[in-house]
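*Asks:* What follows is a single structure, and I will ask about it in a moment.
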Amino acid sequence: MNAISPTLNGEALPPELQALFNSTDGAAFEQALDGLLRQREQRLFRALGLLARDLHNAMRRIGGDLAVEGAPATMADARQDLQDVLEMSAKAAHRSLDFAERMRPETESMAQHASEVLAHSSGDPAVAALARQAGEFAASCREGLADMVLAQSWQDLSGQRIKKVVSFIGSVENSLLELVRLTGALAGGEAPVAAAKISSQDEADRLLSEFGF
Amino acid sequence: MKILVVDDFSTMRRIVRNLLVELGFTNALIQEADDGENAIAMLRSMPFELVVTDWNMPNMTGIDLLRAIRAEPKLKGLPVLMVTAENNREQIIAAAQAGVNGYIVKPFTAATLEEKLGKIFERIAASGASA
């Protein structure tokens, strides 16, 4: 039987592979092939792990750079900042509502007084005109207050979007750490118990270093 | 008349409460709950005549609250008005299929709230008269 000389992209294979291809020992061939594949996998997983580490470091660097300009340094800080925005906007909306609730009874009593004066003005046209004007003013104030109350519903609409972004940031952070954990486990490190939720930068760094990244 | 306003945002609960007063529900006893779970507990413990609920809430959403209300023999006839920022077709259909009595998309006006409430009470009056 003639020896087979397989080529890869036109180039001859390394001699050890050539020898394996021509070997009649099936088990040795399989074993050698498995070994080669495992080697390739290990390299891939290690590369993935390093990629995850680079990504993580890049994010920290970006955070550090932005922090100089007064922006949040970490994802946790960013989440907290958004949470603060939510609370501040709620506080502002409540203050406007306080005002509307305080003013509404005053418009009612003004309208009441105006109609009483109008009833007892006994023909004085100046008094009647002023009372009528006061009554109209009270009515338009009341309408304006109702509009102002409604306008505060934008706090709820913007707040809901902020809440969604807060949870999105959290899920990006978790996915990134999950990637680090997974690539670390594939690259040969021991997977930590049940991929517990990561809540702090320190925990994230500890986890990364467990896998040698 | 007892009304339960359900929303996780305290501002929105207060806005709905203000609008209800503005619309003349001055003698109504308006109670508040911050999610569906607390709402269903309150509905079980005392009688209400109307529920105004948001959709997006933690623990139990507005649509789940609506389904829970319709699934309980004691509560299933309770009118539920949904006031929500969710305005996609699927969600409106889901609410309709779950038996919602009215659906208001935020931001809304006092006139819209008045119109939807009017329709709900008209229907109640009509079904009461035919019963």
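We label chains A, B, ... in the order they appear in the structure tokens, count residues from 1 in each chain, and number ligands from 1 in the order shown.
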Distance limit 12 Å, atoms considered: only C-alpha atoms. Which chain B residues sit that close to chain A? Return them as a ChimeraX atom specification.
*Replies:* /B:7-23,54-58,83-86,105-113
*Asks:* DSSP says helix (DSSP H, G or I) for which residues of chain B? Put them as a PyMOL selection string?
*Replies:* chain B and resi 10-22+36-45+62-71+89-97+110-130
*Asks:* Write out as number ranges by chain the residues lying within 10 Å of Val166 of chain A, counting only C-alpha atoms and excluding same-chain residues fewer than 2 positions away.
*Replies:* A: 75-76, 78-83, 160-164, 168-171
*Asks:* Just N, CA, C and O atoms for this one: save the residues we selected as a PDB file, in the first residue's frame.
*Replies:*
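That gives us result-v1.pdb:
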```pdb
ATOM      1  N   MET A  75     -20.165  50.685  37.291  1.00  0.00           N
ATOM      2  CA  MET A  75     -21.561  50.422  36.945  1.00  0.00           C
ATOM      3  C   MET A  75     -22.458  50.622  38.157  1.00  0.00           C
ATOM      4  O   MET A  75     -23.570  51.117  38.048  1.00  0.00           O
ATOM      5  N   ALA A  76     -21.941  50.220  39.329  1.00  0.00           N
ATOM      6  CA  ALA A  76     -22.737  50.381  40.549  1.00  0.00           C
ATOM      7  C   ALA A  76     -23.002  51.867  40.797  1.00  0.00           C
ATOM      8  O   ALA A  76     -24.108  52.251  41.183  1.00  0.00           O
ATOM      9  N   ALA A  78     -23.086  54.190  38.493  1.00  0.00           N
ATOM     10  CA  ALA A  78     -24.015  54.650  37.453  1.00  0.00           C
ATOM     11  C   ALA A  78     -25.454  54.312  37.849  1.00  0.00           C
ATOM     12  O   ALA A  78     -26.365  55.128  37.703  1.00  0.00           O
ATOM     13  N   ARG A  79     -25.611  53.095  38.373  1.00  0.00           N
ATOM     14  CA  ARG A  79     -26.950  52.678  38.823  1.00  0.00           C
ATOM     15  C   ARG A  79     -27.452  53.577  39.942  1.00  0.00           C
ATOM     16  O   ARG A  79     -28.603  53.993  39.964  1.00  0.00           O
ATOM     17  N   GLN A  80     -26.551  53.870  40.884  1.00  0.00           N
ATOM     18  CA  GLN A  80     -26.927  54.704  42.020  1.00  0.00           C
ATOM     19  C   GLN A  80     -27.307  56.110  41.556  1.00  0.00           C
ATOM     20  O   GLN A  80     -28.284  56.684  42.034  1.00  0.00           O
ATOM     21  N   ASP A  81     -26.533  56.641  40.599  1.00  0.00           N
ATOM     22  CA  ASP A  81     -26.828  57.980  40.077  1.00  0.00           C
ATOM     23  C   ASP A  81     -28.231  58.032  39.469  1.00  0.00           C
ATOM     24  O   ASP A  81     -28.977  58.980  39.682  1.00  0.00           O
ATOM     25  N   LEU A  82     -28.557  56.994  38.707  1.00  0.00           N
ATOM     26  CA  LEU A  82     -29.884  56.961  38.083  1.00  0.00           C
ATOM     27  C   LEU A  82     -30.979  56.858  39.142  1.00  0.00           C
ATOM     28  O   LEU A  82     -32.040  57.463  39.034  1.00  0.00           O
ATOM     29  N   GLN A  83     -30.686  56.065  40.171  1.00  0.00           N
ATOM     30  CA  GLN A  83     -31.637  55.915  41.282  1.00  0.00           C
ATOM     31  C   GLN A  83     -31.871  57.279  41.946  1.00  0.00           C
ATOM     32  O   GLN A  83     -32.999  57.628  42.288  1.00  0.00           O
ATOM     33  N   GLN A 160     -40.057  55.391  34.734  1.00  0.00           N
ATOM     34  CA  GLN A 160     -40.140  53.999  34.271  1.00  0.00           C
ATOM     35  C   GLN A 160     -38.999  53.676  33.314  1.00  0.00           C
ATOM     36  O   GLN A 160     -38.449  52.579  33.340  1.00  0.00           O
ATOM     37  N   ARG A 161     -38.651  54.659  32.477  1.00  0.00           N
ATOM     38  CA  ARG A 161     -37.525  54.436  31.546  1.00  0.00           C
ATOM     39  C   ARG A 161     -36.221  54.320  32.323  1.00  0.00           C
ATOM     40  O   ARG A 161     -35.381  53.471  32.020  1.00  0.00           O
ATOM     41  N   ILE A 162     -36.051  55.165  33.319  1.00  0.00           N
ATOM     42  CA  ILE A 162     -34.830  55.104  34.129  1.00  0.00           C
ATOM     43  C   ILE A 162     -34.723  53.733  34.802  1.00  0.00           C
ATOM     44  O   ILE A 162     -33.672  53.107  34.805  1.00  0.00           O
ATOM     45  N   LYS A 163     -35.842  53.249  35.318  1.00  0.00           N
ATOM     46  CA  LYS A 163     -35.831  51.927  35.971  1.00  0.00           C
ATOM     47  C   LYS A 163     -35.388  50.841  34.996  1.00  0.00           C
ATOM     48  O   LYS A 163     -34.657  49.922  35.363  1.00  0.00           O
ATOM     49  N   LYS A 164     -35.859  50.949  33.748  1.00  0.00           N
ATOM     50  CA  LYS A 164     -35.480  49.949  32.743  1.00  0.00           C
ATOM     51  C   LYS A 164     -33.978  50.010  32.460  1.00  0.00           C
ATOM     52  O   LYS A 164     -33.326  48.979  32.306  1.00  0.00           O
ATOM     53  N   PHE A 168     -31.139  47.231  32.954  1.00  0.00           N
ATOM     54  CA  PHE A 168     -30.317  46.857  31.801  1.00  0.00           C
ATOM     55  C   PHE A 168     -28.830  46.881  32.172  1.00  0.00           C
ATOM     56  O   PHE A 168     -28.093  45.938  31.867  1.00  0.00           O
ATOM     57  N   ILE A 169     -28.409  47.935  32.876  1.00  0.00           N
ATOM     58  CA  ILE A 169     -27.003  48.027  33.292  1.00  0.00           C
ATOM     59  C   ILE A 169     -26.652  46.818  34.160  1.00  0.00           C
ATOM     60  O   ILE A 169     -25.597  46.202  33.997  1.00  0.00           O
ATOM     61  N   GLY A 170     -27.561  46.476  35.051  1.00  0.00           N
ATOM     62  CA  GLY A 170     -27.337  45.321  35.926  1.00  0.00           C
ATOM     63  C   GLY A 170     -27.179  44.036  35.127  1.00  0.00           C
ATOM     64  O   GLY A 170     -26.300  43.217  35.410  1.00  0.00           O
ATOM     65  N   SER A 171     -28.009  43.874  34.080  1.00  0.00           N
ATOM     66  CA  SER A 171     -27.941  42.620  33.327  1.00  0.00           C
ATOM     67  C   SER A 171     -26.686  42.573  32.449  1.00  0.00           C
ATOM     68  O   SER A 171     -26.103  41.502  32.261  1.00  0.00           O
TER      69      SER A 171
END
```
